[in-house]
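Enquirer: Just so it is clear, I am handing over protein-v1.csv, which has CSV, C-alpha atoms.
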chain,number,residue,atom,x,y,z
L,194,MET,CA,33.9,8.5,13.0
L,195,VAL,CA,30.5,7.2,11.8
L,196,LYS,CA,29.7,5.3,8.7
L,197,TYR,CA,26.8,6.8,6.8
L,198,PHE,CA,24.5,5.1,4.3
L,199,PHE,CA,22.0,6.8,2.0
L,200,SER,CA,19.7,5.5,-0.7
L,201,GLU,CA,16.5,6.5,-2.6
L,202,LEU,CA,14.3,4.3,-4.7
L,203,ASP,CA,10.8,4.0,-6.1
L,204,ILE,CA,8.7,1.0,-4.9
L,205,LYS,CA,6.3,0.0,-7.7
L,206,SER,CA,3.2,0.1,-5.5
L,207,THR,CA,0.9,2.9,-4.3
L,208,TRP,CA,1.6,4.4,-0.9
L,209,ASP,CA,-1.5,2.8,0.7
L,210,GLN,CA,-0.4,-0.6,-0.5
L,211,VAL,CA,3.1,-0.1,1.0
L,212,PHE,CA,1.6,1.2,4.2
L,213,SER,CA,-0.6,-1.9,4.5
L,214,ALA,CA,2.2,-4.3,3.6
L,215,PHE,CA,4.7,-2.6,6.0
L,216,TRP,CA,2.7,-4.0,9.0
L,217,GLN,CA,2.5,-7.5,7.5
L,218,ARG,CA,6.2,-8.0,6.5
L,219,TYR,CA,7.0,-10.6,9.1
L,220,PRO,CA,7.3,-13.5,9.0
L,221,ASN,CA,8.6,-13.9,5.4
L,222,PRO,CA,11.1,-16.3,3.8
L,223,PHE,CA,13.6,-13.5,3.2
L,224,SER,CA,13.8,-12.2,6.8
L,225,LYS,CA,14.5,-15.2,8.9
L,226,HIS,CA,17.0,-13.2,10.9
L,227,VAL,CA,13.9,-11.4,12.4
L,228,LEU,CA,12.8,-13.6,15.3
L,229,THR,CA,10.0,-11.6,17.0
L,230,GLU,CA,8.0,-8.4,16.8
L,231,ASP,CA,5.9,-6.8,19.5
L,232,VAL,CA,3.9,-3.5,19.7
L,233,VAL,CA,4.8,-1.9,23.0
L,234,TYR,CA,3.0,1.5,22.5
L,235,ARG,CA,0.5,3.1,20.2
L,236,GLU,CA,-1.2,6.4,20.1
L,237,VAL,CA,-3.5,8.3,17.7
L,238,THR,CA,-2.7,12.0,17.9
L,239,GLN,CA,-5.3,14.8,17.7
L,240,ASP,CA,-4.2,15.4,14.1
L,241,ASP,CA,-4.9,11.8,13.2
L,242,ARG,CA,-1.3,10.6,13.0
L,243,LEU,CA,-0.5,7.1,14.2
L,244,LEU,CA,2.5,6.7,16.5
L,245,THR,CA,3.8,3.2,17.1
L,246,ARG,CA,6.7,1.8,19.0
L,247,ARG,CA,7.7,-1.8,18.3
L,248,LEU,CA,10.3,-4.1,19.7
L,249,LEU,CA,12.0,-6.5,17.3
L,250,THR,CA,14.4,-9.3,18.1
L,251,LYS,CA,17.0,-10.2,15.5
L,252,THR,CA,19.9,-12.6,15.3
L,253,ASN,CA,23.3,-11.1,16.1
L,254,ARG,CA,25.9,-13.2,14.3
L,255,LEU,CA,29.4,-11.8,14.9
L,256,PRO,CA,32.3,-12.1,12.4
L,257,ARG,CA,34.7,-14.9,13.1
L,258,TRP,CA,37.5,-12.6,14.1
L,259,ALA,CA,35.2,-10.9,16.6
L,260,GLU,CA,34.2,-14.2,18.1
L,261,ARG,CA,37.8,-14.7,19.2
L,262,VAL,CA,38.0,-11.2,20.7
L,263,PHE,CA,34.7,-10.7,22.5
L,264,PRO,CA,33.3,-12.8,25.3
L,265,SER,CA,31.6,-16.1,24.3
L,266,ASN,CA,28.6,-15.2,26.4
L,267,LEU,CA,27.9,-12.1,24.3
L,268,GLY,CA,24.2,-12.2,23.5
L,269,ARG,CA,23.4,-13.8,20.1
L,270,SER,CA,20.2,-11.7,19.7
L,271,VAL,CA,19.9,-7.9,19.3
L,272,TYR,CA,16.8,-5.9,20.4
L,273,ILE,CA,15.7,-3.2,18.0
L,274,VAL,CA,13.3,-0.4,18.8
L,275,GLU,CA,11.3,0.9,15.9
L,276,ASP,CA,9.4,4.2,16.2
L,277,SER,CA,7.0,5.0,13.3
L,278,ILE,CA,4.7,7.9,12.4
L,279,VAL,CA,1.9,7.4,9.9
L,280,ASP,CA,0.5,10.7,8.5
L,281,PRO,CA,-2.5,9.8,6.3
L,282,LYS,CA,-3.1,13.5,5.4
L,283,ASN,CA,0.3,13.9,3.8
L,284,CYS,CA,0.6,10.2,2.8
L,285,THR,CA,3.9,9.6,4.6
L,286,LEU,CA,5.2,6.8,6.8
L,287,THR,CA,8.4,7.7,8.7
L,288,THR,CA,10.3,5.1,10.8
L,289,PHE,CA,13.4,5.4,13.0
L,290,THR,CA,15.1,2.3,14.4
L,291,TRP,CA,18.1,1.7,16.7
L,292,ASN,CA,19.5,-1.2,18.8
L,293,VAL,CA,19.1,-1.1,22.6
L,294,ASN,CA,21.6,-3.8,23.5
L,295,HIS,CA,25.2,-4.2,22.4
L,296,ALA,CA,25.4,-0.5,22.1
L,297,THR,CA,29.0,-0.4,23.2
L,298,LEU,CA,30.0,-2.8,20.5
L,299,MET,CA,28.0,-1.1,17.7
L,300,VAL,CA,25.0,1.2,17.2
L,301,VAL,CA,23.0,1.2,14.0
L,302,GLU,CA,20.4,3.9,13.6
L,303,GLU,CA,18.1,4.0,10.5
L,304,ARG,CA,15.6,6.5,9.3
L,305,CYS,CA,13.2,5.7,6.4
L,306,VAL,CA,10.5,7.9,4.8
L,307,TYR,CA,7.9,6.3,2.6
L,308,ARG,CA,6.1,9.0,0.6
L,309,MET,CA,3.4,9.0,-2.0
L,310,ASN,CA,4.9,9.9,-5.4
L,311,CYS,CA,2.5,12.5,-6.8
L,312,GLU,CA,4.0,12.4,-10.3
L,313,ARG,CA,3.9,8.6,-10.4
L,314,PRO,CA,0.8,7.6,-8.3
L,315,ALA,CA,1.6,3.9,-8.9
L,316,CYS,CA,4.9,4.3,-7.0
L,317,THR,CA,6.0,5.1,-3.5
L,318,GLN,CA,9.2,7.0,-2.9
L,319,LEU,CA,11.5,5.5,-0.2
L,320,ARG,CA,14.4,7.5,1.3
L,321,ARG,CA,16.7,5.5,3.6
L,322,GLU,CA,19.5,6.8,5.8
L,323,ALA,CA,21.6,4.9,8.3
L,324,TRP,CA,24.4,5.8,10.8
L,325,ILE,CA,26.7,3.1,12.1
L,326,SER,CA,29.1,3.7,15.0
L,327,SER,CA,31.3,1.8,17.4
L,328,ALA,CA,33.0,2.7,20.7
L,329,VAL,CA,35.4,-0.2,20.8
L,330,PHE,CA,38.9,1.2,21.0
L,331,GLY,CA,41.1,-0.2,18.3
L,332,PHE,CA,38.3,-2.1,16.5
L,333,SER,CA,35.8,0.6,15.8
L,334,ARG,CA,36.7,0.9,12.1
L,335,ALA,CA,36.6,-2.8,11.4
L,336,ILE,CA,33.3,-3.1,13.4
L,337,GLN,CA,31.7,-0.2,11.4
L,338,GLU,CA,32.8,-1.8,8.1
L,339,PHE,CA,31.3,-5.1,9.1
L,340,GLY,CA,28.1,-3.3,10.3
L,341,LEU,CA,27.7,-1.4,7.1
L,342,ALA,CA,28.2,-4.6,5.0
L,343,ARG,CA,25.6,-6.4,7.1
L,344,PHE,CA,23.2,-3.5,6.9
L,345,LYS,CA,23.4,-3.4,3.1
L,346,SER,CA,22.8,-7.2,3.0
L,347,ASN,CA,19.8,-6.9,5.4
L,348,GLN,CA,18.3,-4.1,3.4
L,349,VAL,CA,18.2,-6.4,0.3
L,350,LYS,CA,16.3,-8.9,2.4
L,351,THR,CA,14.0,-6.2,3.8
L,352,MET,CA,13.0,-5.1,0.4
L,353,LYS,CA,12.4,-8.7,-0.8
L,354,GLY,CA,10.3,-9.2,2.3
L,355,LEU,CA,8.2,-6.1,1.6
L,356,GLU,CA,7.7,-7.2,-2.0
L,357,TYR,CA,6.6,-10.6,-0.6
L,358,ALA,CA,4.1,-8.9,1.7
L,359,LEU,CA,2.8,-6.8,-1.2
L,360,SER,CA,2.3,-9.8,-3.4
L,361,ASN,CA,0.4,-11.6,-0.7
L,362,LEU,CA,-1.7,-8.6,0.1
L,363,HIS,CA,-2.8,-7.8,-3.4
L,364,GLY,CA,-2.5,-11.1,-5.2
L,365,GLU,CA,-1.1,-9.6,-8.4
L,366,GLY,CA,1.4,-7.6,-6.4
L,367,PRO,CA,2.7,-4.1,-7.4
L,368,ALA,CA,1.2,-4.0,-10.8
L,369,ARG,CA,-2.4,-4.2,-9.6
L,370,SER,CA,-3.2,-0.5,-9.2
L,371,ARG,CA,-1.1,1.1,-11.9
L,372,LYS,CA,-4.3,2.8,-13.2
L,373,ASP,CA,-4.9,4.6,-9.9
L,374,THR,CA,-5.0,8.4,-10.1
L,375,PRO,CA,-3.4,10.5,-7.3
L,376,LYS,CA,-6.9,11.2,-5.9
L,377,ASP,CA,-7.7,7.4,-5.9
L,378,ALA,CA,-4.4,6.7,-4.1
L,379,GLY,CA,-5.1,9.4,-1.5
L,380,GLU,CA,-8.6,8.2,-0.8
L,381,LYS,CA,-7.3,4.6,-0.4
L,382,ALA,CA,-4.6,5.8,1.9
L,383,LYS,CA,-7.0,7.7,4.1
L,384,GLU,CA,-9.3,4.6,4.3
L,385,THR,CA,-6.4,2.3,5.1
L,386,ALA,CA,-5.0,4.7,7.7
L,387,PHE,CA,-8.5,5.1,9.3
L,388,ASN,CA,-8.8,1.3,9.7
L,389,ALA,CA,-5.4,1.2,11.3
L,390,THR,CA,-6.1,4.0,13.7
L,391,GLU,CA,-9.3,2.4,14.8
L,392,LYS,CA,-7.4,-0.7,15.7
L,393,ALA,CA,-4.7,1.4,17.3
L,394,LYS,CA,-7.2,3.1,19.6
L,395,ASN,CA,-8.1,-0.2,21.1
L,396,LEU,CA,-4.5,-1.2,21.5
L,397,ALA,CA,-3.6,2.2,23.0
L,398,SER,CA,-6.4,2.1,25.6
L,399,ALA,CA,-5.0,-1.2,26.8
L,400,ALA,CA,-1.3,-0.2,26.8
L,401,THR,CA,0.6,1.7,29.4
L,402,PRO,CA,1.5,5.1,28.0
L,403,GLN,CA,5.2,5.8,27.8
L,404,LYS,CA,5.7,9.2,26.3
L,405,SER,CA,8.9,9.6,24.3
L,406,ASN,CA,10.4,12.3,22.2
L,407,GLN,CA,12.2,9.7,20.0
L,408,PHE,CA,9.3,9.7,17.5
L,409,VAL,CA,10.5,11.3,14.3
Would it be possible to restate this file's structure as structure tokens?
Expert:
Amino acid sequence: MVKYFFSELDIKSTWDQVFSAFWQRYPNPFSKHVLTEDVVYREVTQDDRLLTRRLLTKTNRLPRWAERVFPSNLGRSVYIVEDSIVDPKNCTLTTFTWNVNHATLMVVEERCVYRMNCERPACTQLRREAWISSAVFGFSRAIQEFGLARFKSNQVKTMKGLEYALSNLHGEGPARSRKDTPKDAGEKAKETAFNATEKAKNLASAATPQKSNQFV
């Protein structure tokens, strides 16, 4: 059995603002559980999409009952792989994350799609899905329940962190570009994505390519 989470919401910022702030979320005072972030692979495709793989390190606090059951030397950090695709033509940012250690204890997979809202150009649509599973016999249900509760708590912190990055990026925060038209937002998105892809080309040329079909 797998625990499933789903949510949809509108972020009161244009897509290009959210796209820019996404890469500048850490560090922030709301996500102190995120310890490190590193880009391990980047590629600009022929159709100008930006593929990125990052490795994040986060704290891995266990519930008290689990600390009495599982070995005391169980790692206190969890390593998260984040694959992302930026599509500047369609104004979408898609991410997929999953943990690479403690997979026997619990696996948390998350997929997010940030999309420009054509009807409300000052907003960005966010669709979030998550799948939480455990292979620990006799404890899988309790672990999944704990994982779902922690996931929901962390998502609150994640959104506050994104809002913090948006406010730092634009000074006045989400309200700054409410007069933007869809055309203006699209042009800004293309410009922002172009700058990012130029930086990515330099990073990709220095990185060791590791092709993966995990990119969503």
Enquirer: To one decimal in Å, tell me the separation between CA of Ser346 (chain L) and CA of Ala323 (chain L).
Expert: 13.3 Å
Enquirer: CA of Phe223 (chain L) and CA of Asp280 (chain L), how far apart in Å?
Expert: 28.0 Å
Enquirer: Can you tell me, as a compact mmCIF listing (two decimals) with C-alpha atoms, keeping the file's coordinate frame, what residues are no more than 8 Å from Arg308 (chain L) when counting all atoms listed in the file, ignoring any on the same chain fewer than 3 positions away?
Expert:
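Final output, saved to part.txt:
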# COMPACT_ATOMS: atom_id res chain seq x y z
CA TRP L 208 1.60 4.40 -0.90
CA CYS L 284 0.60 10.20 2.80
CA THR L 285 3.90 9.60 4.60
CA LEU L 286 5.20 6.80 6.80
CA THR L 317 6.00 5.10 -3.50
CA GLN L 318 9.20 7.00 -2.90
CA LEU L 319 11.50 5.50 -0.20
Enquirer: Env of Gln337 (chain L): 9 Å cut, atoms = all atoms listed in the file, seq-sep filter 6 positions within chain, self excluded. Answer as a list in words.
Expert: Val195, Lys196, Met299, Val300, Ile325, Ser326 and Ser327 of chain L
Enquirer: Between CA of Ser200 (chain L) and CA of Gly331 (chain L), what is the distance, to one decimal in Å?
Expert: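 Atom-to-atom, CA of Ser200 (chain L) to CA of Gly331 (chain L), that is 29.2 Å.
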